[in-house]
Amino acid sequence: MMNKTNVRNMTITGLLTAISILIPMLPLRVILPPAFTATLAVHVPVMVSMFVSPFSAAFVAIGSAIGFGFTGLPPTVTARAATHIVFAVVGALMIRKQFHGILGNKIVKVVVVGIVTMILHAGFEALITIPAMRLFTGYDGAAIYAAATTVGIGTLLHHAVDYMITIVIISALADAKLIDWTWKR
């Protein structure tokens with residue numbers, strides 16, 4: 001039998017997944033051809049799900065990739081969105097483990113998770129750009145390198161902004177007792 005926490009987490013995961021599918025389809029994006037896009041707040045549902053569970057993080061990240069698949073954007077963009085699974089699950093595992101006392105300060109923990117996930121996020125999106133662009137566009141090496149660099153730097157910045165928005169939302173959800181954020185103690 002399921003307890004209240006499991007039902008609540010499943011409900012939150014379902015809602016975040018729906019939002020993560022919907023956001024890419026909204027006209028809230030900047031596009032820099034050939035491979036960089038920045039969709040306002042698209043990472044927020046994935047990042048919020050990291051504070052629910054690793055399963056939630058993976059599921060919501062898959063939803064985000066599905067949402068990008070529906071947009072009609074180049075397949076490179078959808079492939080980049082699929083890499084969100086990596087940073088989301090790693091971030092969720094870091095949050096769940098709470099560093100086992102390695103870092104005592106809540107703010108330091110939040111910053112460390114943000115930095116680690118930001119580096120993973122940017123790195124994987126830049127790396128996936130290389131084969132995806134070669135496969136889908138046939139651009140030469142210099143153009144692909146320039147696109148991967150633009151994607152990596154742009155993702156670092158985009159991740160940082162969305163992570164700051166996420167922390168505000170997580171704090172509000174924890175205050176409302178809708179999620180258990182043990183770092184609040």
# chains A, B, ... in the order shown; residues from 1 in each chain; ligands from 1
call {"tool": "residues_around", "arguments": {"residues": "Asn9 (chain A)", "least_positions_apart": "6", "cutoff": "9 Å", "atoms": "only C-alpha atoms", "output": "number ranges by chain"}}
result
A: 52-53, 56, 179
call {"tool": "closest_residue", "arguments": {"among": "A:Val151, A:Ile107, A:Ile170, A:Val161", "to": "Ile128 (chain A)", "atoms": "only C-alpha atoms"}}
result
A:Val151
call {"tool": "select_by_dssp", "arguments": {"residues": "region 6-120 of chain A", "states": "strand (DSSP E or B)", "output": "list in words"}}
result
Arg29, Val30, Ile31, Leu32, Phe36, Thr37, Ala38 and Thr39 of chain A
call {"tool": "closest_atom_pairs", "arguments": {"of": "region 98-180 of chain A", "to": "region 47-50 of chain A", "cutoff": "12 Å", "atoms": "only C-alpha atoms", "output": "Markdown table"}}
result
| residue | atom | partner | partner_atom | distance |
| --- | --- | --- | --- | --- |
| A:Val110 | CA | A:Met47 | CA | 11.8 |
| A:Val113 | CA | A:Met50 | CA | 10.2 |
| A:Gly114 | CA | A:Met47 | CA | 9.5 |
| A:Thr117 | CA | A:Met47 | CA | 9.4 |
| A:Met118 | CA | A:Met47 | CA | 10.8 |
| A:His121 | CA | A:Met47 | CA | 11.3 |
| A:His159 | CA | A:Met47 | CA | 9.5 |
| A:Ala160 | CA | A:Met47 | CA | 11.1 |
| A:Val161 | CA | A:Met47 | CA | 11.5 |
| A:Asp162 | CA | A:Met47 | CA | 8.1 |
| A:Tyr163 | CA | A:Met47 | CA | 6.9 |
| A:Met164 | CA | A:Met47 | CA | 10.0 |
| A:Ile165 | CA | A:Met47 | CA | 9.5 |
| A:Thr166 | CA | A:Val48 | CA | 6.0 |
| A:Ile167 | CA | A:Val48 | CA | 8.1 |
| A:Val168 | CA | A:Val48 | CA | 10.1 |
| A:Ile169 | CA | A:Val48 | CA | 7.7 |
| A:Ile170 | CA | A:Val48 | CA | 6.6 |
| A:Ser171 | CA | A:Val48 | CA | 10.3 |
| A:Ala172 | CA | A:Val48 | CA | 11.4 |
| A:Leu173 | CA | A:Val48 | CA | 9.7 |
| A:Ala174 | CA | A:Val48 | CA | 11.2 |
| A:Leu178 | CA | A:Val48 | CA | 11.9 |
| A:Ile179 | CA | A:Val48 | CA | 9.9 |
| A:Asp180 | CA | A:Met50 | CA | 11.7 |
call {"tool": "residues_around", "arguments": {"residues": "region 37-40 of chain A", "least_positions_apart": "4", "cutoff": "12 Å", "atoms": "only C-alpha atoms", "output": "ChimeraX atom specification"}}
result
/A:20,22-33,44-45,64,67-68,71,73-74,76-78,80-81,125,129,147,150-159,161-163,165
call {"tool": "atom_distance", "arguments": {"atom1": "CA of Ile19 (chain A)", "atom2": "CA of His84 (chain A)"}}
result
15.1 Å
call {"tool": "closest_residue", "arguments": {"among": "A:Phe70, A:Phe59, A:Phe51, A:Tyr139", "to": "Arg96 (chain A)", "atoms": "only C-alpha atoms"}}
result
A:Phe51
